[in-house]
Structures are given as structure tokens and as C-alpha cells.
file final-v2.txt (compact mmCIF, C-alpha atoms)
# COMPACT_ATOMS: atom_id res chain seq x y z
CA MET H 297 -2.92 16.26 5.13
CA PHE H 298 -6.12 14.31 5.67
CA PRO H 299 -6.85 13.21 9.27
CA GLY H 300 -7.13 9.77 10.75
CA ALA H 301 -5.37 6.47 10.22
CA ILE H 302 -6.19 2.81 9.77
CA THR H 303 -5.32 2.25 13.44
CA ASP H 304 -8.44 4.21 14.41
CA ILE H 305 -10.10 0.80 14.02
CA ALA H 306 -9.89 -1.05 17.33
CA GLY H 307 -7.90 -4.26 17.24
CA LEU H 308 -5.52 -3.17 14.48
CA SER H 309 -1.90 -2.10 14.89
CA VAL H 310 0.70 -1.05 12.34
CA GLY H 311 4.46 -1.41 12.42
CA HIS H 312 7.15 -0.19 10.03
CA HIS H 313 10.68 -1.43 9.52
CA THR H 314 12.86 0.94 7.49
CA ASP H 315 16.27 -0.31 6.38
CA THR H 316 19.11 2.05 7.25
CA ARG H 317 21.37 0.74 4.46
CA ARG H 318 19.21 1.89 1.55
CA PRO H 319 15.67 3.24 1.14
CA THR H 320 13.53 0.13 1.47
CA GLY H 321 11.43 -1.51 4.15
CA CYS H 322 8.20 -3.22 5.06
CA THR H 323 4.98 -2.41 6.87
CA VAL H 324 2.75 -4.84 8.74
CA LEU H 325 -0.88 -4.57 9.77
CA LEU H 326 -1.47 -6.87 12.73
CA CYS H 327 -4.89 -8.31 13.56
CA PRO H 328 -3.63 -11.20 15.70
CA GLN H 329 -7.04 -12.29 16.98
CA GLY H 330 -8.13 -12.82 13.37
CA ALA H 331 -10.14 -10.78 10.90
CA VAL H 332 -12.13 -11.51 7.76
CA ALA H 333 -10.19 -10.44 4.66
CA GLY H 334 -10.40 -10.11 0.90
CA VAL H 335 -8.20 -8.87 -1.93
CA ASP H 336 -8.42 -7.40 -5.41
CA VAL H 337 -5.34 -7.42 -7.64
CA ARG H 338 -5.70 -5.04 -10.62
CA GLY H 339 -2.16 -4.41 -11.86
CA ALA H 340 -0.69 -6.70 -14.51
CA ALA H 341 2.66 -7.23 -12.72
CA PRO H 342 1.79 -8.26 -9.15
CA GLY H 343 3.96 -9.84 -6.51
CA THR H 344 1.81 -11.48 -3.83
CA ARG H 345 1.64 -14.25 -1.24
CA GLU H 346 -1.33 -16.22 0.14
CA THR H 347 -3.90 -14.24 -1.87
CA ASP H 348 -5.61 -17.45 -3.04
CA LEU H 349 -6.65 -18.09 0.56
CA LEU H 350 -8.76 -14.93 0.43
CA HIS H 351 -11.02 -16.23 -2.33
CA PRO H 352 -14.59 -16.63 -1.00
CA LEU H 353 -14.51 -20.36 -1.82
CA ALA H 354 -11.27 -20.99 0.08
CA THR H 355 -11.67 -22.70 3.45
CA LEU H 356 -9.89 -20.32 5.81
CA GLU H 357 -12.01 -17.43 7.03
CA GLN H 358 -9.56 -15.12 8.80
CA VAL H 359 -6.07 -13.65 8.55
CA HIS H 360 -3.75 -12.60 11.39
CA ALA H 361 -1.67 -9.96 9.59
CA ILE H 362 -1.13 -8.38 6.19
CA LEU H 363 2.30 -7.36 4.97
CA LEU H 364 3.19 -4.59 2.52
CA THR H 365 6.83 -4.66 1.51
CA GLY H 366 9.47 -3.27 -0.79
CA GLY H 367 12.18 -5.32 -2.47
CA SER H 368 10.13 -6.68 -5.36
CA ALA H 369 9.52 -10.45 -5.19
CA PHE H 370 12.55 -10.83 -2.88
CA GLY H 371 10.68 -8.83 -0.24
CA LEU H 372 8.07 -11.55 0.23
CA ASP H 373 10.65 -13.18 2.49
CA ALA H 374 9.65 -10.64 5.16
CA ALA H 375 6.34 -12.48 5.62
CA THR H 376 8.29 -15.33 7.22
CA GLY H 377 9.30 -12.99 10.02
CA VAL H 378 5.70 -11.89 10.52
CA MET H 379 4.64 -15.53 10.77
CA ARG H 380 7.42 -16.19 13.27
CA TRP H 381 6.32 -13.27 15.47
CA LEU H 382 2.69 -14.38 15.43
CA GLU H 383 3.61 -17.98 16.20
CA GLU H 384 5.81 -16.91 19.10
CA HIS H 385 2.89 -14.91 20.50
CA GLY H 386 0.44 -17.79 20.15
CA HIS H 387 -1.58 -16.56 17.17
CA GLY H 388 -2.69 -18.55 14.16
CA VAL H 389 -4.93 -21.37 13.00
CA GLN H 390 -4.60 -24.56 15.00
CA VAL H 391 -3.67 -27.32 12.54
CA GLY H 392 -2.91 -30.55 14.36
CA PRO H 393 0.10 -29.94 16.63
CA ALA H 394 0.96 -26.57 15.06
CA ARG H 395 -0.49 -23.08 15.08
CA VAL H 396 -0.17 -21.55 11.60
CA PRO H 397 -0.50 -17.76 11.21
CA ILE H 398 -2.13 -16.58 7.98
CA VAL H 399 -0.19 -13.64 6.49
CA PRO H 400 -1.09 -12.49 2.97
CA ALA H 401 1.46 -10.08 1.48
CA ALA H 402 2.12 -7.85 -1.52
CA VAL H 403 5.35 -6.27 -2.79
CA LEU H 404 6.34 -3.18 -4.71
CA PHE H 405 9.41 -2.58 -6.86
CA ASP H 406 11.88 -0.20 -5.20
CA LEU H 407 15.16 -1.64 -6.49
CA TRP H 408 15.89 1.66 -8.30
CA VAL H 409 17.34 3.22 -5.16
CA GLY H 410 20.63 2.19 -3.56
CA ASP H 411 22.06 -1.33 -3.57
CA ALA H 412 19.38 -3.60 -5.07
CA ARG H 413 20.90 -6.57 -3.24
CA ILE H 414 19.47 -5.15 0.00
CA ARG H 415 15.84 -6.22 0.41
CA PRO H 416 13.42 -6.75 3.31
CA ASP H 417 13.87 -10.23 4.79
CA ALA H 418 12.45 -12.30 7.63
CA ALA H 419 14.32 -10.19 10.20
CA ALA H 420 12.72 -7.06 8.73
CA GLY H 421 9.24 -8.57 9.02
CA LEU H 422 9.90 -9.54 12.63
CA ALA H 423 11.17 -6.02 13.41
CA ALA H 424 8.06 -4.46 11.87
CA CYS H 425 5.89 -6.59 14.17
CA ASP H 426 7.99 -5.60 17.20
CA ALA H 427 7.42 -1.94 16.25
CA ALA H 428 3.66 -2.31 15.77
CA SER H 429 1.47 0.15 17.64
CA THR H 430 -2.12 1.34 17.76
CA ALA H 431 -0.89 4.93 17.39
CA HIS H 432 -1.23 6.67 14.03
CA PRO H 433 1.61 5.25 11.92
CA ALA H 434 4.35 7.42 10.47
CA GLN H 435 3.85 8.40 6.83
CA GLY H 436 6.09 9.17 3.86
CA ASN H 437 9.58 7.63 3.62
CA VAL H 438 9.06 4.77 6.05
CA GLY H 439 8.38 1.06 5.85
CA ALA H 440 7.09 -0.09 2.48
CA GLY H 441 7.13 3.53 1.31
CA ALA H 442 10.83 4.15 2.00
CA GLY H 443 11.97 3.60 -1.58
CA ALA H 444 8.69 4.31 -3.36
CA SER H 445 8.55 6.65 -6.36
CA VAL H 446 5.82 7.95 -8.67
CA GLY H 447 5.56 9.31 -12.20
CA LYS H 448 7.87 6.75 -13.81
CA LEU H 449 6.27 6.34 -17.24
CA PHE H 450 8.93 8.61 -18.78
CA GLY H 451 11.75 7.06 -16.76
CA ILE H 452 13.04 7.12 -13.21
CA GLY H 453 15.10 10.22 -14.03
CA ARG H 454 11.91 12.27 -14.31
CA ALA H 455 10.06 10.67 -11.37
CA MET H 456 9.28 12.00 -7.89
CA LYS H 457 9.25 10.52 -4.40
CA GLY H 458 6.32 8.38 -3.35
CA GLY H 459 5.68 6.98 0.11
CA ILE H 460 3.17 5.41 2.44
CA GLY H 461 0.09 7.12 3.81
CA SER H 462 -2.99 6.46 5.91
CA ALA H 463 -6.40 8.04 6.53
CA SER H 464 -9.75 7.16 8.08
CA LEU H 465 -13.40 8.19 8.22
CA LYS H 466 -16.05 7.45 10.84
CA VAL H 467 -19.72 7.52 9.86
CA GLY H 468 -22.12 6.65 12.63
CA ALA H 469 -20.85 3.61 14.50
CA ILE H 470 -18.58 2.40 11.70
CA THR H 471 -14.99 3.40 10.88
CA VAL H 472 -13.23 2.81 7.56
CA GLY H 473 -9.47 3.33 7.17
CA ALA H 474 -6.77 2.85 4.56
CA LEU H 475 -3.01 2.31 4.48
CA VAL H 476 -1.40 2.68 1.04
CA ALA H 477 2.20 2.44 -0.22
CA VAL H 478 2.31 4.58 -3.37
CA ASN H 479 4.87 3.53 -5.97
CA ALA H 480 3.00 4.21 -9.21
CA ILE H 481 4.02 4.52 -12.84
CA GLY H 482 1.38 7.26 -13.08
CA ASP H 483 1.04 10.68 -11.47
CA VAL H 484 -0.65 11.32 -8.13
CA VAL H 485 -3.52 13.73 -8.75
CA ASP H 486 -5.69 15.62 -6.24
CA PRO H 487 -9.25 14.56 -7.15
CA ALA H 488 -10.64 17.82 -5.76
CA THR H 489 -8.64 20.01 -8.15
CA GLY H 490 -7.34 17.72 -10.88
CA ARG H 491 -3.87 19.07 -10.15
CA VAL H 492 -0.77 16.84 -10.22
CA VAL H 493 0.67 16.62 -6.71
CA ALA H 494 3.57 14.32 -7.55
CA GLY H 495 4.53 12.65 -10.81
CA ALA H 496 6.61 12.86 -13.95
CA ARG H 497 8.58 16.09 -14.28
CA GLY H 498 9.09 18.28 -17.33
CA ASP H 499 12.42 19.24 -18.89
CA ASP H 500 13.16 21.81 -16.17
CA GLY H 501 13.03 19.09 -13.51
CA ARG H 502 10.59 21.01 -11.34
CA THR H 503 7.34 21.44 -13.28
CA PRO H 504 4.84 18.56 -13.48
CA LEU H 505 4.72 17.09 -16.95
CA ASP H 506 1.13 15.76 -16.48
CA THR H 507 1.61 12.26 -17.85
CA LEU H 508 -1.88 11.85 -19.29
CA ALA H 509 -1.80 15.25 -21.01
CA ALA H 510 1.60 14.38 -22.47
CA LEU H 511 0.29 11.07 -23.82
CA VAL H 512 -2.78 12.74 -25.36
CA ASP H 513 -0.43 15.28 -26.93
CA GLY H 514 1.48 12.46 -28.61
CA GLN H 515 4.51 12.38 -26.32
CA LEU H 516 5.48 8.75 -25.82
CA PRO H 517 8.07 7.26 -23.47
CA ALA H 518 11.21 6.08 -25.20
CA HIS H 519 11.19 2.74 -23.38
CA LEU H 520 8.32 1.07 -21.53
CA MET H 521 9.48 -1.14 -18.67
CA ALA H 522 7.20 -3.81 -17.23
CA GLY H 523 6.85 -4.68 -13.58
CA MET H 524 8.82 -1.81 -12.05
CA ALA H 525 6.19 0.06 -10.06
CA THR H 526 3.07 -0.97 -8.02
CA THR H 527 0.77 0.64 -5.47
CA ILE H 528 -0.27 -1.70 -2.67
CA GLY H 529 -2.49 -1.13 0.32
CA ILE H 530 -5.11 -2.18 2.82
CA VAL H 531 -8.60 -0.89 3.55
CA ALA H 532 -10.12 -1.87 6.86
CA THR H 533 -13.39 -1.48 8.70
CA ASP H 534 -14.91 -2.46 12.03
CA ALA H 535 -18.14 -3.46 10.26
CA GLN H 536 -19.16 -7.12 10.12
CA LEU H 537 -18.52 -8.55 6.66
CA THR H 538 -18.47 -11.95 5.05
CA LYS H 539 -15.43 -13.04 3.06
CA ALA H 540 -17.27 -12.35 -0.20
CA GLN H 541 -18.18 -8.87 1.01
CA ALA H 542 -14.56 -8.20 2.02
CA ASN H 543 -13.47 -9.05 -1.51
CA LYS H 544 -16.06 -6.65 -2.91
CA LEU H 545 -14.88 -3.95 -0.50
CA ALA H 546 -11.33 -4.37 -1.80
CA SER H 547 -12.65 -4.06 -5.35
CA MET H 548 -14.56 -0.86 -4.62
CA ALA H 549 -11.56 0.64 -2.82
CA HIS H 550 -9.66 0.56 -6.12
CA ASP H 551 -11.87 3.44 -7.23
CA GLY H 552 -9.82 5.53 -4.80
CA LEU H 553 -6.65 4.63 -6.70
CA SER H 554 -8.35 5.51 -9.99
CA ARG H 555 -9.28 8.95 -8.65
CA SER H 556 -5.84 9.76 -7.30
CA ILE H 557 -3.38 8.02 -9.67
CA ASN H 558 -3.31 8.50 -13.43
CA PRO H 559 -2.63 6.22 -15.27
CA VAL H 560 -3.23 3.35 -12.86
CA HIS H 561 -3.52 -0.46 -13.06
CA THR H 562 -1.02 -0.47 -15.92
CA ALA H 563 0.98 -3.30 -17.48
CA GLY H 564 3.95 -2.21 -15.34
CA ASP H 565 2.09 -1.91 -12.02
CA GLY H 566 1.12 -4.75 -9.71
CA ASP H 567 -1.58 -2.75 -7.92
CA ALA H 568 -3.26 -4.75 -5.17
CA LEU H 569 -5.58 -3.80 -2.32
CA PHE H 570 -6.51 -5.97 0.64
CA ALA H 571 -9.65 -5.48 2.72
CA VAL H 572 -9.93 -6.37 6.41
CA ALA H 573 -13.11 -6.45 8.52
CA THR H 574 -12.76 -6.85 12.29
CA GLY H 575 -16.50 -6.75 13.08
CA GLY H 576 -15.66 -4.77 16.21
CA SER H 577 -18.52 -2.29 15.79
CA GLY H 578 -21.08 -5.08 15.99
CA LYS H 579 -22.79 -3.54 12.95
CA PRO H 580 -23.16 -5.21 9.54
CA GLY H 581 -22.83 -1.97 7.62
CA HIS H 582 -24.11 -1.35 4.08
CA LEU H 583 -21.62 -2.57 1.49
CA THR H 584 -22.43 0.21 -1.00
CA VAL H 585 -21.79 2.84 1.67
CA LEU H 586 -18.69 1.06 2.97
CA GLY H 587 -17.32 0.79 -0.57
CA ALA H 588 -17.81 4.50 -1.19
CA LEU H 589 -16.05 5.33 2.07
CA ALA H 590 -13.25 2.88 1.29
CA ALA H 591 -12.60 4.55 -2.07
CA GLU H 592 -12.51 7.95 -0.40
CA VAL H 593 -10.06 7.00 2.37
CA THR H 594 -7.88 5.19 -0.17
CA ALA H 595 -7.60 8.36 -2.26
CA ARG H 596 -6.86 10.38 0.88
CA ALA H 597 -4.16 7.92 1.97
CA VAL H 598 -2.51 8.19 -1.47
CA LEU H 599 -2.36 11.98 -1.18
CA ASN H 600 -1.07 11.79 2.40
CA ALA H 601 1.69 9.43 1.24
CA VAL H 602 3.21 11.86 -1.26
CA ARG H 603 2.57 14.95 0.86
CA ALA H 604 4.46 13.40 3.78
CA ALA H 605 7.35 12.20 1.60
CA HIS H 606 10.86 13.64 1.65
CA SER H 607 13.22 14.00 -1.31
CA LEU H 608 15.95 11.49 -2.12
CA ALA H 609 19.25 12.63 -3.60
CA GLU H 610 20.28 9.40 -5.36
CA PRO H 611 18.53 8.85 -7.62
CA ASP H 612 17.16 12.38 -7.83
CA LEU H 613 13.61 12.02 -6.50
CA PRO H 614 12.25 15.38 -5.31
CA CYS H 615 9.15 15.38 -3.15
CA ALA H 616 5.94 17.35 -3.56
CA ARG H 617 6.83 19.60 -0.63
CA ASP H 618 10.18 20.63 -2.08
CA LEU H 619 8.65 21.46 -5.47
CA GLY H 620 5.79 23.43 -3.91
CA LEU H 621 3.15 21.08 -5.33
CA GLN H 622 1.23 20.26 -2.17

call {"tool": "encode", "arguments": {"input": "final-v2.txt", "output": "C-alpha cells"}}
result
Amino acid sequence: MFPGAITDIAGLSVGHHTDTRRPTGCTVLLCPQGAVAGVDVRGAAPGTRETDLLHPLATLEQVHAILLTGGSAFGLDAATGVMRWLEEHGHGVQVGPARVPIVPAAVLFDLWVGDARIRPDAAAGLAACDAASTAHPAQGNVGAGAGASVGKLFGIGRAMKGGIGSASLKVGAITVGALVAVNAIGDVVDPATGRVVAGARGDDGRTPLDTLAALVDGQLPAHLMAGMATTIGIVATDAQLTKAQANKLASMAHDGLSRSINPVHTAGDGDALFAVATGGSGKPGHLTVLGALAAEVTARAVLNAVRAAHSLAEPDLPCARDLGLQ
């Protein structure tokens, strides 16, 4: 496991809510005093909320939380609970008589597991905020990663357990961290070795198929399903960034997904990464350096997510640990 977490950045806290009725949940990153933010959506089947506000030409400059959630588009309802928590605690943009919290969100598809009628809702978002802490967040089968799976190109019956992971790096006075919920169609690959850590399984149910190698070899999935995966996450830094720079940071962080997930950004994934800059270091940072670090911690968070995951029995989703693939 790689060290560090996104909460190593002062001013940020993370809370999970994991549903006890089926594997699903949501995860919130709180920055209640406000932080500059950007986003880059690469997958062709995204489910998002308030991402237009993060465009450099949009008026609002800061967000107060970012939500990652399961439950497909239904799960966006959890953002209402995050807004409620922030409003009750006096955070948000003052608009006339009201204070309006800004909470961008992204969802992943985890309706494969258990009763699909159970999805994160406003109460789940509120509970995630109540659980938020500056401690290193739990990883694996929690929050938005509870029902995540990977290696689904050849069907859920040959997939493995995904999850949520975090990592951070500090270089000089600046820290960069990532929090990623990994629910990809593709395999998770260790960039250092090229070895599949979690992904589609072969006929024996235990050996990695290696999705890309199978495709090159002419093996094609019997049925391609759109919009049933998605990796979502957040990169954050205490460097001072403009809104345009935050959007570029989110874009560069996607290189970390490309290194650690193969294939990625597919027609069936809604891959989206947010970027948050608190400015707490008092340093402007160099965007090229920050982008390189963001890609690295994103890849590390992806690997931590599947290495921390635990197997699910129904559907059969073994984890990397149980198959000896770590």
C-alpha cells in the first residue's frame, strides 16, 4: 500500500457512509471554508452534478464539498444531504437571504450488487458529512467504493472487487493528494510492473485474463454494455491555483488513471476527476510539477483501492488479496 491520504492537506476532511443493506455508499470531501476547484470528465457515460459551475468562465470561484457516490444517477440525491449539512453549519455562498453551499458530485454504477432499489440518498450524504474526519480515510469496501467492481468488459461474472483508495505526496512546501473510487470496465494494472492487480478473470476464475491482451488476441466480449462502470475521484493540493489551473490539474491527473487502468475512458465508463486547491501552503506551485504529482498520486490511490478491497460473495467478486495478485 502506498502511504498518505488526501486529508494530509490541511483544511480537508473526508467522510464515508456505507449502506448496511447492500454494498453501496457515498464519500464526501469537505472544504467548508471554500476552495478553488476544477473538473475533467473523460468517460462517455458520466453522471455528474454542478460541474458546469467549475468552468473557468463560470462566476462562482469556490466549492464547499465534493461528493463521490454509488447508486448511478439515483445517487446524486446524496448531494442534497451534503448541502443540508453545510447550510446547517453556516457554510456556503451568501445569495440574498440564503447561504447556498456549492457541492459538485459524480456517481458510479454499482447496481450490480444486491437490491438495486437501495441507493445513497440525502440521509446518506448527511451521514457522510457527520462522519467526516481529518484522519486518513478508510479504504476498500467503504463509501463510494462499497459496491465497486473492476474488469467488467467480459461481464460482471468475470469481474473482481474494486473500491476506494487514497494517497499523497509532499514535495517541498506543497502536498498533493488523491481520493479515487475505482469501478472500471478495464483492469487495474501496476504501472511499475505492468502486472494486472485486479480485473477480468480467465476461465478458471482465479487467473487474470489481461483484458487488453485478450482484445489484441481477438477475444471479444459477447455483449458490450454502456454506462455500467465509472472511476471517479478527487485530486487536491495546498498550492494556490486559479480556477483555470485547477481544471488543468484535473486534466493532468487523468494520466494517473491511464497508467493504472486499461482500458480506461471507455464508452461504458463515466470517468471524472475533480481538482481542489486550498492555497493553504501560501505557495503558487508550478502547474507542470503539480500535474505530474497529481497523476502519480492518482495512480497510487487506484492501486490502494483494489489492494484494500475485500471479496463479495454475491455476485462473486473476489479481491486482489484473495487471489494473491497484490

call {"tool": "closest_atom_pairs", "arguments": {"input": "final-v2.txt", "of": "region 480-564 of chain H", "to": "region 339-345 of chain H", "cutoff": "7 Å", "atoms": "all atoms listed in the file", "output": "tab-separated table"}}
result
residue	atom	partner	partner_atom	distance
H:Gly523	CA	H:Ala341	CA	5.0
H:His561	CA	H:Gly339	CA	4.3
H:Thr562	CA	H:Gly339	CA	5.8
H:Ala563	CA	H:Ala340	CA	4.8
H:Gly564	CA	H:Ala341	CA	5.8

call {"tool": "closest_residue", "arguments": {"input": "final-v2.txt", "among": "H:Arg454, H:His550, H:Arg318, H:Lys539", "to": "Leu356 (chain H)", "atoms": "only C-alpha atoms"}}
result
H:Lys539

call {"tool": "atom_distance", "arguments": {"input": "final-v2.txt", "atom1": "CA of Phe298 (chain H)", "atom2": "CA of Ala488 (chain H)"}}
result
12.8 Å

call {"tool": "axis_aligned_box", "arguments": {"input": "final-v2.txt", "around": "region 510-520 of chain H", "padding_each_side": "3 Å", "output": "AutoDock Vina command-line options"}}
result
--center_x 4.2 --center_y 8.2 --center_z -25.1 --size_x 20.0 --size_y 20.2 --size_z 13.1

call {"tool": "residues_around", "arguments": {"input": "final-v2.txt", "residues": "Val335 (chain H)", "least_positions_apart": "4", "cutoff": "10 Å", "atoms": "only C-alpha atoms", "output": "MDAnalysis selection string"}}
result
chainID H and resid 347:351 400 529:531 539:540 542:547 568:572

call {"tool": "residues_around", "arguments": {"input": "final-v2.txt", "residues": "Glu383 (chain H)", "least_positions_apart": "6", "cutoff": "9 Å", "atoms": "only C-alpha atoms", "output": "list in words"}}
result
Arg395, Val396 and Pro397 of chain H

call {"tool": "write_last_selection", "arguments": {"input": "final-v2.txt", "atoms": "C-alpha atoms", "output": "tab-separated table (two decimals), in the coordinates of the input"}}
result
chain	number	residue	atom	x	y	z
H	395	ARG	CA	-0.49	-23.08	15.08
H	396	VAL	CA	-0.17	-21.55	11.60
H	397	PRO	CA	-0.50	-17.76	11.21

call {"tool": "residues_near_point", "arguments": {"input": "final-v2.txt", "point": "(-22.0, -0.7, 0.2)", "cutoff": "12 Å", "atoms": "only C-alpha atoms", "output": "ChimeraX atom specification"}}
result
/H:472,535,537,541-542,544-549,580-591

call {"tool": "write_last_selection", "arguments": {"input": "final-v2.txt", "atoms": "C-alpha atoms", "output": "short mmCIF file (atom, residue, chain, number, x, y, z; two decimals), keeping the file's coordinate frame"}}
result
data_model
loop_
_atom_site.label_atom_id
_atom_site.label_comp_id
_atom_site.auth_asym_id
_atom_site.auth_seq_id
_atom_site.Cartn_x
_atom_site.Cartn_y
_atom_site.Cartn_z
CA VAL H 472 -13.23 2.81 7.56
CA ALA H 535 -18.14 -3.46 10.26
CA LEU H 537 -18.52 -8.55 6.66
CA GLN H 541 -18.18 -8.87 1.01
CA ALA H 542 -14.56 -8.20 2.02
CA LYS H 544 -16.06 -6.65 -2.91
CA LEU H 545 -14.88 -3.95 -0.50
CA ALA H 546 -11.33 -4.37 -1.80
CA SER H 547 -12.65 -4.06 -5.35
CA MET H 548 -14.56 -0.86 -4.62
CA ALA H 549 -11.56 0.64 -2.82
CA PRO H 580 -23.16 -5.21 9.54
CA GLY H 581 -22.83 -1.97 7.62
CA HIS H 582 -24.11 -1.35 4.08
CA LEU H 583 -21.62 -2.57 1.49
CA THR H 584 -22.43 0.21 -1.00
CA VAL H 585 -21.79 2.84 1.67
CA LEU H 586 -18.69 1.06 2.97
CA GLY H 587 -17.32 0.79 -0.57
CA ALA H 588 -17.81 4.50 -1.19
CA LEU H 589 -16.05 5.33 2.07
CA ALA H 590 -13.25 2.88 1.29
CA ALA H 591 -12.60 4.55 -2.07
#

call {"tool": "residues_around", "arguments": {"input": "final-v2.txt", "residues": "region 439-445 of chain H", "least_positions_apart": "4", "cutoff": "7 Å", "atoms": "all atoms listed in the file", "output": "list in words"}}
result
His312, His313, Thr314, Pro319, Thr320, Gly321, Cys322, Thr323, Leu364, Thr365, Gly366, Asp406, Val409, Ala455, Met456, Lys457, Gly458, Gly459, Ile460, Ala477, Val478, Asn479 and Ala480 of chain H

call {"tool": "atom_distance", "arguments": {"input": "final-v2.txt", "atom1": "CA of Gly576 (chain H)", "atom2": "CA of Ile305 (chain H)"}}
result
8.2 Å

call {"tool": "closest_residue", "arguments": {"input": "final-v2.txt", "among": "H:Gly575, H:Gly367, H:Gly490, H:Gly620", "to": "Ala306 (chain H)", "atoms": "all atoms listed in the file"}}
result
H:Gly575

call {"tool": "closest_residue", "arguments": {"input": "final-v2.txt", "among": "H:Leu404, H:Leu308, H:Val389, H:Leu516", "to": "Ala428 (chain H)", "atoms": "all atoms listed in the file"}}
result
H:Leu308

call {"tool": "closest_residue", "arguments": {"input": "final-v2.txt", "among": "H:Asn600, H:Leu619, H:Asp513, H:Asp315", "to": "Asp411 (chain H)", "atoms": "all atoms listed in the file"}}
result
H:Asp315

call {"tool": "residues_around", "arguments": {"input": "final-v2.txt", "residues": "Ser464 (chain H)", "least_positions_apart": "3", "cutoff": "12 Å", "atoms": "only C-alpha atoms", "output": "PDB file with C-alpha atoms, keeping the file's coordinate frame"}}
result
ATOM      1  CA  MET H 297      -2.920  16.260   5.130  1.00  0.00           C
ATOM      2  CA  PHE H 298      -6.120  14.310   5.670  1.00  0.00           C
ATOM      3  CA  PRO H 299      -6.850  13.210   9.270  1.00  0.00           C
ATOM      4  CA  GLY H 300      -7.130   9.770  10.750  1.00  0.00           C
ATOM      5  CA  ALA H 301      -5.370   6.470  10.220  1.00  0.00           C
ATOM      6  CA  ILE H 302      -6.190   2.810   9.770  1.00  0.00           C
ATOM      7  CA  THR H 303      -5.320   2.250  13.440  1.00  0.00           C
ATOM      8  CA  ASP H 304      -8.440   4.210  14.410  1.00  0.00           C
ATOM      9  CA  ILE H 305     -10.100   0.800  14.020  1.00  0.00           C
ATOM     10  CA  HIS H 432      -1.230   6.670  14.030  1.00  0.00           C
ATOM     11  CA  GLY H 461       0.090   7.120   3.810  1.00  0.00           C
ATOM     12  CA  VAL H 467     -19.720   7.520   9.860  1.00  0.00           C
ATOM     13  CA  ILE H 470     -18.580   2.400  11.700  1.00  0.00           C
ATOM     14  CA  THR H 471     -14.990   3.400  10.880  1.00  0.00           C
ATOM     15  CA  VAL H 472     -13.230   2.810   7.560  1.00  0.00           C
ATOM     16  CA  GLY H 473      -9.470   3.330   7.170  1.00  0.00           C
ATOM     17  CA  ALA H 474      -6.770   2.850   4.560  1.00  0.00           C
ATOM     18  CA  LEU H 475      -3.010   2.310   4.480  1.00  0.00           C
ATOM     19  CA  VAL H 476      -1.400   2.680   1.040  1.00  0.00           C
ATOM     20  CA  ILE H 530      -5.110  -2.180   2.820  1.00  0.00           C
ATOM     21  CA  VAL H 531      -8.600  -0.890   3.550  1.00  0.00           C
ATOM     22  CA  ALA H 532     -10.120  -1.870   6.860  1.00  0.00           C
ATOM     23  CA  THR H 533     -13.390  -1.480   8.700  1.00  0.00           C
ATOM     24  CA  ASP H 534     -14.910  -2.460  12.030  1.00  0.00           C
ATOM     25  CA  LEU H 586     -18.690   1.060   2.970  1.00  0.00           C
ATOM     26  CA  LEU H 589     -16.050   5.330   2.070  1.00  0.00           C
ATOM     27  CA  ALA H 590     -13.250   2.880   1.290  1.00  0.00           C
ATOM     28  CA  ALA H 591     -12.600   4.550  -2.070  1.00  0.00           C
ATOM     29  CA  GLU H 592     -12.510   7.950  -0.400  1.00  0.00           C
ATOM     30  CA  VAL H 593     -10.060   7.000   2.370  1.00  0.00           C
ATOM     31  CA  THR H 594      -7.880   5.190  -0.170  1.00  0.00           C
ATOM     32  CA  ALA H 595      -7.600   8.360  -2.260  1.00  0.00           C
ATOM     33  CA  ARG H 596      -6.860  10.380   0.880  1.00  0.00           C
ATOM     34  CA  ALA H 597      -4.160   7.920   1.970  1.00  0.00           C
ATOM     35  CA  ASN H 600      -1.070  11.790   2.400  1.00  0.00           C
TER      36      ASN H 600
END

call {"tool": "atom_distance", "arguments": {"input": "final-v2.txt", "atom1": "CA of Asp500 (chain H)", "atom2": "CA of Asp567 (chain H)"}}
result
29.8 Å

call {"tool": "closest_residue", "arguments": {"input": "final-v2.txt", "among": "H:Ala354, H:Leu613, H:Leu449, H:Val493", "to": "Gln515 (chain H)", "atoms": "only C-alpha atoms"}}
result
H:Leu449

call {"tool": "decode", "arguments": {"input": "final-v2.txt", "residues": "region 330-341 of chain H", "atoms": "N, CA and C atoms", "output": "short mmCIF file (atom, residue, chain, number, x, y, z; two decimals), in the first residue's frame"}}
result
data_model
loop_
_atom_site.label_atom_id
_atom_site.label_comp_id
_atom_site.auth_asym_id
_atom_site.auth_seq_id
_atom_site.Cartn_x
_atom_site.Cartn_y
_atom_site.Cartn_z
N GLY H 330 -14.30 26.87 1.78
CA GLY H 330 -14.22 27.18 0.35
C GLY H 330 -12.86 26.87 -0.23
N ALA H 331 -12.85 26.33 -1.43
CA ALA H 331 -11.62 26.02 -2.14
C ALA H 331 -11.86 26.15 -3.64
N VAL H 332 -10.83 26.58 -4.35
CA VAL H 332 -10.90 26.65 -5.81
C VAL H 332 -10.99 25.23 -6.35
N ALA H 333 -11.79 25.03 -7.40
CA ALA H 333 -11.97 23.67 -7.91
C ALA H 333 -12.11 23.66 -9.42
N GLY H 334 -11.78 22.51 -10.01
CA GLY H 334 -11.96 22.27 -11.43
C GLY H 334 -12.38 20.82 -11.64
N VAL H 335 -12.66 20.45 -12.88
CA VAL H 335 -13.09 19.09 -13.18
C VAL H 335 -12.71 18.74 -14.60
N ASP H 336 -12.49 17.46 -14.84
CA ASP H 336 -12.30 16.96 -16.20
C ASP H 336 -13.03 15.63 -16.31
N VAL H 337 -14.05 15.59 -17.17
CA VAL H 337 -14.84 14.38 -17.39
C VAL H 337 -14.38 13.75 -18.69
N ARG H 338 -13.87 12.51 -18.62
CA ARG H 338 -13.32 11.84 -19.80
C ARG H 338 -14.18 10.68 -20.29
N GLY H 339 -14.87 10.01 -19.39
CA GLY H 339 -15.69 8.87 -19.79
C GLY H 339 -16.90 9.32 -20.58
N ALA H 340 -17.42 8.42 -21.41
CA ALA H 340 -18.54 8.77 -22.29
C ALA H 340 -19.90 8.57 -21.63
N ALA H 341 -19.95 8.05 -20.40
CA ALA H 341 -21.23 7.80 -19.74
C ALA H 341 -21.22 8.37 -18.32
#
